[in-house]
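Notes follow once the structure below has been shown.
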Amino acid sequence: MKLIVTEKPSVARDIARVLGAKQKRGACYEGDGLRVTWCLGHVAELVEPAEYDPAWKAWRADTLPMQPETFKLRPIARTLSHWRDLKDLLHGKDVEVVINACDAGREGELIFRYALELARCKKPVQRMWLASMTDQAIRDAWRRLKPGADYEPLADAARCRSEADWLVGLNATRALTLLGRQGGGRSTLFSVGRVQTPTLAMIVDREREIEAFTPEPFWQVFATFLAPAGPYEGLYHHGPDADLLDRLTDAESAEAVAAEIDGRTGLIRKVEQREVAQRHPLLFDLTSLQRLANRRFGLSAAATLAAAQSLYETHKLITYPRTDSNYLTADMEATLPDRLRGIDVGPFSPFCQHLLASLPLRVTRRIVNDKEVNDHHAIIPTGRTPNLERLSRDEARIFELVALRFIAAFYPDARFATTRVETVVEPHLFITRGRVCLDPGWQEVEPPWKPARKNTPKAPKDKDKNDDEPSSADEEDNPIPPVQQGDTPEVTDTRVHQGMTQPPRRFSENTLLGAMERAGNDLDEDALKRAMKDSGLGTPATRAAVIEMLLKREYITRDGRNLAPTPVGCALIDALPPTDLRSARLTGQWEARLNAIAHKNLSRQSFMDDARQLTARLTREILDNTTTALQALPPDPDAKPLGPCPRCGTPVTEGFKAFSCQTGRACGFAIFKTIARKKI
């Protein structure tokens with residue numbers, strides 16, 4: 001027998017069906033010399049500190065840092081029953097080889113290796129690397145099995161990431177939580193992590209920028225010109241030609257310009273016209289899909305991932321969604337027409353038929369590029385024909401985004417005629433910009449989308465750090481009459497617009513995902529930038545969970561579509577010493593070194609030695625922080641007083657580990673919630 005182990009039951013079911021293991025027997029499918037079982041995601045985890053040393057059970061500063069010599073595993077409680085079945089299958093006497101068919105990538109490798117290690121299974125291992133769940137992809141992966149030893153460096157990198165996160169996360173969390181309990185009687189668990197903490201820091205820093213922002217008024221002067229070919233409007237610009245500005249800082253200057261040009265004749269000194277092509281957007285990776293779904297539909301990153309995962313696992317309509325690539329591999333090019341035929345239904349039909357009537361498809365390096373694909377290719381339709389009525393609302397929305405983006409990739413560029421006119425009413429310069437669509441190209445399939453605007457006058461866009469959203473490519477067409485250089489238009493009207501500078505906008509999930517993806521771009525070291533180029537903070541698969549964790553722990557809150565920090569979240573960031581935990585630097589350093597391990601350029605031992613030294617330093621810096629903001633937090637708003645403290649009379653409340661006096665260390669009264677293994 002060969003035992004195939006997958007990450008999820010749905011994947012096991014599909015592999016079993018394609019490879020002929022058709023009999024369902026308990027926790028596996030069997031047939032044709034195969035058994036196919038699954039892991040339910042992670043089934044094993046690193047044990048809690050107290051299982052290494054009983055002294056580590058109590059949260060005390062004198063036990064930090066906690067650094068096990070070797071790490072131990074235990075079954076995850078919620079999947080314990082299935083784990084027992086999986087363990088029995090791994091030890092089956094007739095099983096000669098175990099095949100790892102968990103998700104292709106570092107985390108999938110870790111899930112399988114931890115299960116194998118916890119079961120103490122020593123049988124030969126092969127790897128089945130699946131990037132898609134179509135029947136053909138499963139057959140191809142089955143034919144291309146590789147020895148498990150080929151992926152040992154990837155497994156080492158995965159173990160290093162997991163163990164180092166345990167060291168830094170648990171020790172820093174305990175240190176910061178203990179620091180918070182020294183005052184205010186705060187029961188909050190102050191969780192710290194290599195990804196969640198820099199993400200929270202970005203949200204807090206943005207809020208501080210907003211709070212510190214002082215709005216300033218500005219004025220702009222608009223003039224309406226009447227040329228022989230027709231009217232057009234220009235915006236006043238001043239300053240040297242190399243640095244033209246369109247704003248004035250006082251009303252008197254703006255009114256003076258408007259009065260000075262009123263009724264006069266100008267001169268068109270320059271007309272620039274050119275045709276520009278706008279290429280189709282790249283195919284979706286998970287982050288770009290989550291960003292567009294949030295911007296267009298208000299879907300959270302977690303909701304988008306759930307819908308995409310269902311489309312992949314249950315409906316088999318899209319390829320693996322947890323990808324960070326926007327490209328396809330060359331071996332997929334021959335399958336593209338069939339994928340179009342599969343989605344030639346409903347609203348997609350006119351576009352698919354247009355492309356299929358003029359084969360071969362226009363395939364560029366913006367679509368197929370082997371060098372840009374790591375573990376998984378971009379998200380595209382599988383080619384299975386969808387029953388749109390069977391999809392939930394969110395599933396239908398996400399499938400529509402994926403299908404239209406895939407179709408649009410084969411359409412020609414969108415073409416526009418852009419015009420820039422300089423009109424001088426001596427000595428004042430007015431600039432007019434216009435754009436006319438000549439051929440919508442791919443925008444016929446995927447028109448640029450903009451949120452509905454209220455019926456209010458359109459103010460000029462502020463340039464002060466607000467530009468997290470896609471911009472100029474989706475502006476309205478603005479035709480300009482066919483004016484010529486040397487024309488002398490008359491000024492028929494003037495108006496002065498007063499505006500106020502705007503603070504940076506709060507993060508939405510859309511813009512936060514983008515910031516997490518781009519994190520590390522401001523790092524000085526080129527090596528760290530390269531390491532984070534394709535990852536940023538977290539991975540496409542984990543960013544949604546990080547945001548949800550910050551919300552669940554009440555470090556941030558939703559305000560409409562925006563995300564804002566809570567006082568607890570702000571205090572957590574303020575309490576951290578200036579360590580690498582606050583920025584993307586630590587993640588950049590780790591990713592660079594984990595990549596080196598996966599490519600056999602660095603040893604696992606070297607990485608872990610450095611992780612232990614880092615843990616000791618970070619823990620010491622947190623505990624030595626004497627000006628922590630955590631102690632300034634008010635007591636928990638939901639904590640109900642249980643009675644007066646017998647020492648000082650202030651209220652006693654229930655905290656994280658104990659019933660304690662709200663004066664904290666100043667009084668020192670506390671009754672632990674568990675004594676001699678008995679819950680109080």
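Residue names in the structure tokens use chain letters A, B, ... in the order shown, residue numbers from 1 in each chain, and ligand numbers from 1 in the order shown.
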For this session: Quick one: everything within 7 Å of region 152-169 of chain A, counting only C-alpha atoms, minus sequence neighbours fewer than 3 positions away in the same chain. Send it as an NGL selection string.
Result: :A and (67 or 106-107 or 109-110 or 148-149 or 172-173 or 192-193 or 594 or 597-600 or 604 or 608 or 611 or 615)
Just asking: which residues within region 538-589 of chain A are strand (DSSP E) according to DSSP, as a PDB file with C-alpha atoms, in the first residue's frame?
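Written file, part20.pdb:
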ATOM      1  CA  ILE A 556      -7.937  47.546  16.674  1.00  0.00           C
ATOM      2  CA  THR A 557     -11.578  48.135  15.806  1.00  0.00           C
ATOM      3  CA  ARG A 558     -13.605  48.592  12.643  1.00  0.00           C
ATOM      4  CA  ASP A 559     -15.030  52.031  11.954  1.00  0.00           C
ATOM      5  CA  ASN A 562     -11.730  51.687   8.187  1.00  0.00           C
ATOM      6  CA  LEU A 563      -9.504  50.217  10.906  1.00  0.00           C
ATOM      7  CA  ALA A 564      -8.555  52.237  13.976  1.00  0.00           C
ATOM      8  CA  PRO A 565      -6.395  51.328  16.995  1.00  0.00           C
TER       9      PRO A 565
END
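The gap separating CA of Asp285 (chain A) from CA of Thr323 (chain A) is 5.5 Å, in Å to one decimal.
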Exercise. In Å, how far is it from CA of Leu282 (chain A) to CA of Gly346 (chain A)?
Worked result: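 Those two atoms sit 23.7 Å apart.
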